[in-house]
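Structure file protein35.txt (compact mmCIF, C-alpha atoms) is printed below.
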# COMPACT_ATOMS: atom_id res chain seq x y z
CA MET B 1328 1.09 3.87 50.25
CA LEU B 1329 3.77 1.45 51.43
CA ARG B 1330 1.26 -1.42 51.25
CA HIS B 1331 0.52 -0.56 47.66
CA GLY B 1332 4.20 -0.41 46.89
CA VAL B 1333 4.74 -3.90 48.26
CA ALA B 1334 1.77 -5.26 46.36
CA PHE B 1335 3.09 -3.64 43.23
CA LEU B 1336 6.55 -5.11 43.73
CA SER B 1337 5.24 -8.59 44.32
CA LEU B 1338 3.09 -8.26 41.25
CA LEU B 1339 6.18 -7.30 39.30
CA ALA B 1340 8.07 -10.28 40.68
CA MET B 1341 5.21 -12.53 39.70
CA LEU B 1342 5.17 -11.18 36.19
CA ALA B 1343 8.91 -11.41 35.83
CA SER B 1344 8.89 -15.08 36.71
CA SER B 1345 6.13 -15.94 34.29
CA GLU B 1346 7.07 -17.41 30.94
CA ILE B 1347 5.75 -14.63 28.80
CA VAL B 1348 7.72 -11.86 30.37
CA SER B 1349 10.93 -13.79 30.90
CA GLY B 1350 11.72 -13.41 27.21
CA ALA B 1351 11.11 -9.67 27.69
CA GLU B 1352 9.64 -9.37 24.18
CA ASP B 1353 10.67 -5.72 23.97
CA TRP B 1354 10.51 -6.13 20.21
CA ARG B 1355 6.77 -6.84 20.30
CA PRO B 1356 5.41 -3.28 19.80
CA GLU B 1357 7.76 -2.66 16.89
CA PHE B 1358 6.89 -6.04 15.40
CA GLU B 1359 3.18 -5.15 15.62
CA ASP B 1360 3.91 -1.86 13.93
CA VAL B 1361 5.88 -3.45 11.10
CA CYS B 1362 3.61 -6.37 10.29
CA GLY B 1363 0.32 -4.73 11.29
CA ASN B 1364 0.68 -2.13 8.57
CA ILE B 1365 1.32 -4.55 5.76
CA SER B 1366 -1.98 -4.00 3.99
CA GLU B 1367 -1.23 -0.28 3.73
CA ALA B 1368 2.07 -1.00 2.01
CA ALA B 1369 0.80 -0.13 -1.44
CA VAL B 1370 -0.22 3.40 -0.44
CA MET B 1371 2.79 4.37 1.69
CA SER B 1372 5.46 6.92 0.87
CA PRO B 1373 9.07 5.78 0.45
CA MET B 1374 9.86 7.52 3.75
CA GLU B 1375 7.23 5.56 5.66
CA LEU B 1376 8.41 2.35 4.05
CA GLN B 1377 12.04 3.03 5.00
CA THR B 1378 11.03 3.74 8.59
CA LEU B 1379 9.21 0.41 8.80
CA ILE B 1380 12.13 -1.41 7.19
CA ALA B 1381 14.49 0.04 9.79
CA LYS B 1382 12.14 -1.04 12.59
CA GLY B 1383 11.87 -4.51 11.08
CA GLU B 1384 15.65 -4.82 11.06
CA ARG B 1385 15.75 -3.88 14.76
CA VAL B 1386 13.14 -6.55 15.48
CA ARG B 1387 15.21 -9.12 13.62
CA LYS B 1388 18.26 -8.27 15.76
CA ALA B 1389 16.31 -8.38 18.99
CA LEU B 1390 14.88 -11.78 18.11
CA GLU B 1391 18.34 -13.31 17.95
CA SER B 1392 18.42 -13.56 21.74
CA GLU B 1393 14.94 -15.09 22.05
CA ARG B 1394 14.28 -18.72 22.91
CA GLU B 1395 14.15 -20.95 19.84
CA ALA B 1396 10.38 -21.46 19.59
CA VAL B 1397 9.81 -17.71 19.50
CA ARG B 1398 12.77 -16.97 17.28
CA ILE B 1399 12.01 -19.36 14.44
CA VAL B 1400 8.42 -18.26 14.02
CA TYR B 1401 8.89 -14.51 14.39
CA GLN B 1402 12.11 -14.32 12.33
CA LYS B 1403 10.19 -15.82 9.45
CA ARG B 1404 7.23 -13.50 9.94
CA VAL B 1405 9.21 -10.29 10.15
CA GLN B 1406 11.29 -11.34 7.15
CA LYS B 1407 8.12 -11.72 5.08
CA CYS B 1408 7.01 -8.22 6.00
CA LEU B 1409 10.45 -6.80 5.22
CA ASP B 1410 10.48 -8.56 1.86
CA LEU B 1411 7.16 -6.98 0.92
CA TYR B 1412 8.19 -3.45 1.94
CA ARG B 1413 11.48 -3.78 0.05
CA ASN B 1414 9.66 -5.10 -2.99
CA ILE B 1415 7.40 -2.05 -3.00
CA VAL B 1416 10.33 0.34 -2.56
CA GLU B 1417 12.01 -1.32 -5.54
CA SER B 1418 8.89 -1.05 -7.63
CA MET B 1419 9.03 2.72 -7.11
CA GLN B 1420 12.57 3.12 -8.45
CA PRO B 1421 13.16 4.16 -12.03
CA GLU B 1422 14.07 1.05 -14.04
CA ALA B 1423 17.77 1.91 -14.46
CA MET B 1424 18.24 2.45 -10.74
CA THR B 1425 16.55 -0.73 -9.54
CA PRO B 1426 18.85 -2.07 -6.83
CA PRO B 1427 19.69 -5.76 -6.77
CA PRO B 1428 17.11 -7.87 -4.90
CA ALA B 1429 17.42 -7.87 -1.10
CA GLN B 1430 20.08 -10.30 0.24
CA MET W 24 1.63 -26.06 -26.53
CA ASN W 25 -0.83 -23.19 -26.91
CA ARG W 26 -2.99 -25.14 -29.31
CA VAL W 27 -3.04 -28.03 -26.92
CA LEU W 28 -4.11 -25.64 -24.17
CA ILE W 29 -6.94 -24.16 -26.21
CA ALA W 30 -8.12 -27.64 -27.12
CA LEU W 31 -7.98 -28.53 -23.46
CA PHE W 32 -9.97 -25.47 -22.56
CA LEU W 33 -12.69 -26.41 -25.00
CA LEU W 34 -12.70 -30.00 -23.86
CA VAL W 35 -12.49 -29.56 -20.17
CA GLY W 36 -15.28 -30.72 -18.00
CA ALA W 37 -14.74 -34.26 -19.07
CA THR W 38 -11.03 -34.63 -18.39
CA ALA W 39 -10.50 -36.90 -15.46
CA VAL W 40 -6.78 -37.10 -15.82
CA TRP W 41 -4.60 -34.50 -17.41
CA ALA W 42 -1.14 -34.86 -18.77
CA GLN W 43 1.43 -32.74 -17.05
CA GLY W 44 4.75 -32.63 -18.87
CA GLY W 45 3.89 -36.07 -20.19
CA VAL W 46 3.44 -37.57 -16.72
CA LYS W 47 -0.03 -38.75 -15.92
CA LYS W 48 -1.03 -38.08 -12.38
CA ARG W 49 -3.89 -39.82 -10.68
CA ARG W 50 -6.46 -37.26 -9.76
CA PRO W 51 -6.85 -37.28 -5.98
CA LEU W 52 -10.21 -38.29 -4.52
CA PRO W 53 -12.26 -35.38 -3.15
CA ALA W 54 -11.41 -36.31 0.44
CA GLU W 55 -7.70 -36.42 -0.39
CA TYR W 56 -7.47 -33.13 -2.23
CA GLY W 57 -5.34 -30.72 -0.20
CA ARG W 58 -3.82 -33.53 1.84
CA VAL W 59 -0.20 -33.11 2.88
CA VAL W 60 1.85 -36.00 4.20
CA ILE W 61 4.57 -34.66 6.47
CA ASN W 62 7.44 -37.02 6.99
CA ASN W 63 10.82 -35.41 7.53
CA TYR W 64 11.45 -37.08 10.88
CA SER W 65 8.57 -39.37 11.84
CA GLN W 66 9.45 -42.63 10.18
CA GLN W 67 13.09 -42.17 11.14
CA ALA W 68 11.92 -41.85 14.75
CA GLY W 69 9.80 -45.00 14.44
CA ILE W 70 6.37 -43.37 14.33
CA PRO W 71 4.07 -43.19 11.28
CA PRO W 72 4.10 -40.10 8.99
CA VAL W 73 1.74 -37.22 9.71
CA VAL W 74 -1.33 -36.69 7.55
CA PHE W 75 -2.62 -33.12 7.42
CA ASP W 76 -5.91 -32.39 5.66
CA HIS W 77 -6.64 -28.88 4.45
CA TRP W 78 -10.38 -29.40 4.16
CA SER W 79 -10.97 -29.82 7.88
CA HIS W 80 -8.76 -26.85 8.80
CA ARG W 81 -9.66 -24.34 6.10
CA SER W 82 -13.30 -24.53 7.14
CA LYS W 83 -12.21 -23.17 10.54
CA TYR W 84 -9.25 -20.88 9.85
CA THR W 85 -8.00 -18.56 7.11
CA CYS W 86 -5.00 -19.51 5.00
CA ARG W 87 -3.36 -16.37 6.36
CA LEU W 88 -3.59 -17.45 9.98
CA CYS W 89 -1.60 -20.64 9.37
CA HIS W 90 0.71 -19.56 6.58
CA VAL W 91 1.56 -16.09 7.90
CA ASP W 92 0.95 -15.93 11.65
CA ILE W 93 1.79 -19.52 12.55
CA GLY W 94 4.50 -19.71 9.90
CA PHE W 95 3.78 -22.90 7.96
CA SER W 96 5.48 -22.90 4.55
CA MET W 97 3.30 -23.39 1.49
CA ALA W 98 5.14 -26.49 0.33
CA ALA W 99 4.90 -30.01 1.68
CA ASP W 100 7.66 -30.87 4.20
CA ALA W 101 9.24 -27.41 3.90
CA THR W 102 8.50 -26.16 7.42
CA LYS W 103 10.60 -28.91 9.02
CA ILE W 104 8.29 -29.23 12.01
CA ARG W 105 9.81 -31.06 14.99
CA ALA W 106 8.03 -32.80 17.85
CA VAL W 107 9.74 -30.34 20.24
CA ASP W 108 8.31 -27.41 18.30
CA ASN W 109 4.80 -28.74 18.75
CA ILE W 110 5.52 -29.39 22.42
CA SER W 111 6.73 -25.80 22.91
CA GLY W 112 3.49 -24.51 21.46
CA ILE W 113 4.37 -23.52 17.92
CA TYR W 114 3.27 -24.95 14.55
CA CYS W 115 0.59 -27.64 15.11
CA GLY W 116 1.08 -27.06 18.85
CA THR W 117 -0.28 -23.52 18.51
CA CYS W 118 -3.75 -25.08 18.56
CA HIS W 119 -3.16 -28.75 19.32
CA ASN W 120 -1.88 -27.91 22.81
CA GLY W 121 -4.53 -29.61 24.92
CA LYS W 122 -5.84 -26.20 26.02
CA MET W 123 -7.30 -24.34 23.07
CA MET W 124 -11.02 -24.80 22.56
CA MET W 125 -13.09 -25.30 19.44
CA ASN W 126 -16.86 -25.64 19.61
CA ARG W 127 -16.70 -25.97 23.37
CA SER W 128 -14.32 -28.91 23.40
CA ILE W 129 -10.56 -29.06 23.81
CA ILE W 130 -8.52 -29.58 20.65
CA PHE W 131 -6.52 -32.77 21.09
CA PRO W 132 -2.82 -32.19 21.86
CA ALA W 133 0.14 -32.83 19.53
CA CYS W 134 3.41 -34.58 20.32
CA ALA W 135 4.69 -35.60 23.75
CA LYS W 136 7.95 -37.09 24.97
CA GLU W 137 6.22 -39.65 27.17
CA TYR W 138 2.86 -41.25 26.69
CA THR W 139 0.74 -44.18 27.77
CA ARG W 140 -0.81 -46.73 25.46
CA GLU W 141 -4.10 -44.90 25.90
CA GLU W 142 -2.47 -41.58 24.93
CA TYR W 143 -0.94 -43.18 21.87
CA LYS W 144 -4.45 -43.26 20.42
CA THR W 145 -4.21 -39.48 20.20
CA CYS W 146 -0.81 -39.68 18.47
CA VAL W 147 -2.25 -41.74 15.63
CA ARG W 148 -4.92 -39.17 14.83
CA CYS W 149 -2.01 -37.30 13.19
CA HIS W 150 0.64 -40.01 12.84
CA GLN W 151 -1.51 -42.23 10.65
CA LEU W 152 -0.42 -45.68 9.72
CA GLU W 153 -3.45 -46.70 7.74
CA ARG W 154 -6.41 -45.20 5.96
CA ASN W 155 -8.45 -43.18 8.38
CA ILE W 156 -12.00 -44.30 7.75
CA SER W 157 -13.62 -42.06 10.34
CA GLN W 158 -11.90 -39.03 8.79
CA GLU W 159 -13.28 -40.05 5.37
CA GLU W 160 -16.75 -40.33 6.85
CA LYS W 161 -16.38 -36.91 8.42
CA PHE W 162 -15.42 -35.53 5.04
CA ALA W 163 -18.40 -37.11 3.33
CA SER W 164 -20.88 -35.67 5.78
CA PHE W 165 -19.20 -32.25 5.69
CA ALA W 166 -19.11 -32.14 1.89
CA LYS W 167 -22.75 -33.17 1.58
CA SER W 168 -23.97 -29.86 2.98
CA MET W 169 -21.65 -27.69 0.88
CA PRO W 170 -22.22 -26.14 -2.55
CA PRO W 171 -20.77 -28.64 -5.01
CA GLU W 172 -17.98 -28.21 -7.52
CA LYS W 173 -16.58 -30.55 -10.16
CA PHE W 174 -12.95 -30.57 -9.17
CA GLY W 175 -10.72 -30.57 -6.12
CA ASN W 176 -12.61 -31.36 -2.92
CA GLY W 177 -15.84 -31.28 -4.90
CA ILE W 178 -16.73 -28.24 -2.81
CA ASN W 179 -17.08 -24.68 -4.06
CA TRP W 180 -15.17 -23.16 -1.15
CA GLU W 181 -15.60 -19.58 -2.27
CA LYS W 182 -19.36 -19.92 -2.49
CA ALA W 183 -19.56 -21.90 0.74
CA GLU W 184 -17.86 -19.13 2.67
CA ARG W 185 -19.78 -16.37 0.94
CA GLU W 186 -23.07 -18.08 1.77
CA GLY W 187 -22.05 -18.48 5.39
CA HIS W 188 -21.74 -22.27 5.53
CA PHE W 189 -18.78 -21.68 7.82
CA LYS W 190 -16.88 -18.80 9.34
CA THR W 191 -13.11 -18.70 9.49
CA ILE W 192 -10.97 -17.48 12.37
CA ASP W 193 -8.23 -15.02 11.38
CA TYR W 194 -6.88 -14.02 14.77
CA ILE W 195 -5.21 -15.82 17.66
CA GLU W 196 -4.64 -13.78 20.81
CA GLY W 197 -0.97 -13.17 21.56
CA LEU W 198 0.11 -14.35 18.13
CA SER W 199 -1.69 -12.35 15.45
CA VAL W 200 -1.08 -8.63 15.13
CA THR W 201 -3.86 -6.08 15.01
CA ARG W 202 -3.85 -5.01 11.42
CA VAL W 203 -4.89 -1.69 9.98
CA LYS W 204 -7.95 -1.86 7.81
CA MET W 205 -7.04 -3.14 4.39
CA LYS W 206 -6.48 -0.78 1.54
CA ILE W 207 -6.64 -3.41 -1.08
CA PRO W 208 -5.35 -2.83 -4.59
CA THR W 209 -8.01 -3.10 -7.25
CA ASP W 210 -9.10 -6.35 -8.83
CA ARG W 211 -7.50 -6.94 -12.16
CA THR W 212 -8.02 -8.56 -15.49
CA LEU W 213 -5.00 -10.61 -16.50
CA LYS W 214 -4.81 -10.87 -20.26
CA ALA W 215 -4.48 -14.40 -21.56
CA LYS W 216 -2.33 -13.16 -24.44
CA LEU W 217 -3.78 -15.65 -26.85
CA GLU W 218 -6.42 -15.06 -29.42
CA GLY W 219 -9.69 -16.70 -28.53
CA MET W 220 -8.74 -17.37 -24.93
CA PRO W 221 -10.94 -15.66 -22.33
CA ASN W 222 -9.01 -13.37 -19.99
CA VAL W 223 -8.59 -14.03 -16.30
CA LEU W 224 -10.42 -12.05 -13.67
CA PHE W 225 -8.31 -11.92 -10.53
CA SER W 226 -9.95 -10.69 -7.34
CA HIS W 227 -7.32 -8.97 -5.22
CA THR W 228 -9.97 -8.30 -2.61
CA LYS W 229 -11.03 -11.88 -2.01
CA HIS W 230 -7.50 -13.22 -2.15
CA SER W 231 -6.26 -10.62 0.33
CA ILE W 232 -8.92 -11.59 2.83
CA TRP W 233 -7.94 -15.25 2.58
CA GLY W 234 -4.21 -14.77 2.35
CA GLY W 235 -3.15 -11.32 3.55
CA CYS W 236 -0.55 -9.67 1.34
CA GLU W 237 2.67 -11.32 2.39
CA LEU W 238 1.50 -14.76 1.33
CA CYS W 239 1.77 -13.67 -2.31
CA HIS W 240 4.15 -10.70 -2.35
CA PRO W 241 6.93 -10.90 -3.21
CA GLU W 242 7.49 -14.66 -3.04
CA LEU W 243 4.89 -15.65 -5.65
CA PHE W 244 4.32 -12.32 -7.38
CA SER W 245 6.92 -9.58 -7.37
CA ILE W 246 5.37 -6.13 -7.43
CA LYS W 247 6.94 -4.42 -10.39
CA LYS W 248 6.36 -1.51 -12.64
CA GLY W 249 4.26 -2.89 -15.42
CA ARG W 250 3.10 -6.47 -15.32
CA SER W 251 5.16 -9.52 -14.76
CA VAL W 252 4.60 -12.03 -17.50
CA TYR W 253 3.76 -15.58 -16.70
CA SER W 254 2.41 -18.39 -18.79
CA MET W 255 0.00 -21.23 -18.28
CA ASP W 256 2.97 -23.60 -18.52
CA GLU W 257 4.57 -22.01 -15.49
CA ILE W 258 1.29 -22.08 -13.64
CA PHE W 259 1.05 -25.81 -14.33
CA GLU W 260 4.54 -26.18 -12.88
CA GLY W 261 3.21 -24.84 -9.59
CA LYS W 262 4.43 -21.28 -9.91
CA PHE W 263 2.32 -18.12 -9.52
CA CYS W 264 -1.38 -18.99 -9.28
CA GLY W 265 -0.37 -22.66 -9.51
CA ALA W 266 1.21 -22.52 -6.05
CA CYS W 267 -2.29 -22.78 -4.57
CA HIS W 268 -4.52 -23.73 -7.47
CA ASN W 269 -3.06 -27.14 -7.99
CA THR W 270 -2.96 -28.41 -4.46
CA VAL W 271 -5.42 -26.66 -2.13
CA ALA W 272 -7.62 -24.12 -3.96
CA PHE W 273 -9.67 -25.34 -6.96
CA PRO W 274 -7.32 -27.02 -9.42
CA LEU W 275 -6.17 -25.99 -12.88
CA PRO W 276 -8.36 -28.27 -15.00
CA ASP W 277 -11.19 -25.99 -13.91
CA CYS W 278 -10.14 -23.57 -16.68
CA ARG W 279 -13.40 -21.70 -16.76
CA ARG W 280 -13.33 -20.56 -13.19
CA CYS W 281 -10.30 -18.42 -14.05
CA HIS W 282 -10.76 -17.71 -17.73
CA THR W 283 -14.05 -15.91 -17.31
CA ALA W 284 -13.52 -12.41 -18.64
CA PRO W 285 -14.76 -11.69 -22.14
CA VAL W 286 -12.13 -11.77 -24.86
CA GLU W 287 -11.06 -8.26 -25.76
CA GLY W 288 -10.92 -7.24 -29.39

Would you mind writing the file's structure down as structure tokens?
Amino acid sequence: MLRHGVAFLSLLAMLASSEIVSGAEDWRPEFEDVCGNISEAAVMSPMELQTLIAKGERVRKALESEREAVRIVYQKRVQKCLDLYRNIVESMQPEAMTPPPAQ
Amino acid sequence: MNRVLIALFLLVGATAVWAQGGVKKRRPLPAEYGRVVINNYSQQAGIPPVVFDHWSHRSKYTCRLCHVDIGFSMAADATKIRAVDNISGIYCGTCHNGKMMMNRSIIFPACAKEYTREEYKTCVRCHQLERNISQEEKFASFAKSMPPEKFGNGINWEKAEREGHFKTIDYIEGLSVTRVKMKIPTDRTLKAKLEGMPNVLFSHTKHSIWGGCELCHPELFSIKKGRSVYSMDEIFEGKFCGACHNTVAFPLPDCRRCHTAPVEG
């Protein structure tokens, strides 16, 4: 049992020192969720769209503390997904209530 | 303008050069079509500009992979790629990292801070000072086996892919997301809004496979209630369909590849 524990801890230490994990990338699952569902966008309910938009915004925030090479690519990607979801939400509004374009 | 366009439509096939807002542009050679010269920083840093050819890359990868997952802008020089970016493994360095394989050999690496004279030979595969004859020969032998087309690269890319002349990669481990199966909106007929002009058949399905959704929406086409209206003039200016169909996909003089649908009464 103890041996396993030690092996586990050293494995953790190894992982923590590797490049991939050092950035934590906690945002990754939410990013996958936001941008992996893009081709369903046209058949989603406004509720589903709003949930994904909120997730996308969290991803954007989390990316601010990433190293530059990760940040510049993923900021752009998540923004594109957000733009599409917002565009679809807008297309659902009655004409008179169309909000001004995002940003 | 419309009359000129109709006349053009009837004429086309023979036009080698077309007037665009009065400015005559030389039509690029087949090997040069889809070429982008990237030079925001190179010459300033004392190294030749970078020459990127679409033909050699689009036969291996989807547009989506590069323009969505890797994050290249769809306008020359707009990405503002730096040598350090490539070194840290993004942009060209996503693949040109000296590790990734293609057809069982390593893809040559992109920029480096330090290099030997021998290694500089790799630099100039991208940072090209003069005409790259071997690249032109590669193009010629590639194009020879492809279904021909009058314009652009002289290759019917859509047919080539459909007939299995090449297969494109759409996924890079650790970079691409696993996407839900596409629920693609239906293909549409875009009305040419001019008597006598054949309508345009637009395949949402094919375009979504090449480009994903976020390549077009909302940057090029805003999804709105009812249809957005755009004109051939705007398309010639590089907007809407013209964003791709003047530089990389088959070019605009090929009127009949778009204006195919029968005229409605």

| request: Quote the spacing between atom CA of Pro71 of chain W and atom CA of Ala106 of chain W in Å to one decimal place. | output: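 Between atom CA of Pro71 of chain W and atom CA of Ala106 of chain W the gap works out to 12.9 Å.
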
With 12 Å as the cut-off and all atoms listed in the file counted, what is the closest atom pair between each nearby residue of segment 162-275 of chain W and segment 114-136 of chain W? Distances in Å to one decimal, ordered by chain and number, as JSON lines.
{"residue": "W:Thr191", "atom": "CA", "partner": "W:Met125", "partner_atom": "CA", "distance": 11.9}
{"residue": "W:Ile192", "atom": "CA", "partner": "W:Met125", "partner_atom": "CA", "distance": 10.8}
{"residue": "W:Ile195", "atom": "CA", "partner": "W:Thr117", "partner_atom": "CA", "distance": 9.2}
{"residue": "W:Glu196", "atom": "CA", "partner": "W:Thr117", "partner_atom": "CA", "distance": 10.9}
{"residue": "W:Gly197", "atom": "CA", "partner": "W:Thr117", "partner_atom": "CA", "distance": 10.8}
{"residue": "W:Leu198", "atom": "CA", "partner": "W:Thr117", "partner_atom": "CA", "distance": 9.2}
{"residue": "W:Ser199", "atom": "CA", "partner": "W:Thr117", "partner_atom": "CA", "distance": 11.7}

| request: Could you list, as a PyMOL selection string, the residues of chain W having an atom within 7 Å of chain B when counting all atoms listed in the file? | output: chain W and resi 91-94+108+111+113+200-203+205-207+236-237+240-241+245-248

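The interatomic distance for the pair atom CA of Gly175 of chain W and atom CA of Phe273 of chain W works out to 5.4 Å.
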
Name all residues at most 9 Å from Lys103 of chain W (count only C-alpha atoms; drop same-chain ones fewer than 6 positions away) and give them as an mmCIF file with C-alpha atoms, keeping the file's coordinate frame.
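Below is the file that was written, part13.cif:
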data_model
loop_
_atom_site.group_PDB
_atom_site.id
_atom_site.type_symbol
_atom_site.label_atom_id
_atom_site.label_comp_id
_atom_site.auth_asym_id
_atom_site.auth_seq_id
_atom_site.Cartn_x
_atom_site.Cartn_y
_atom_site.Cartn_z
ATOM 1 C CA ILE W 61 4.570 -34.660 6.470
ATOM 2 C CA ASN W 62 7.440 -37.020 6.990
ATOM 3 C CA ASN W 63 10.820 -35.410 7.530
ATOM 4 C CA TYR W 64 11.450 -37.080 10.880
#
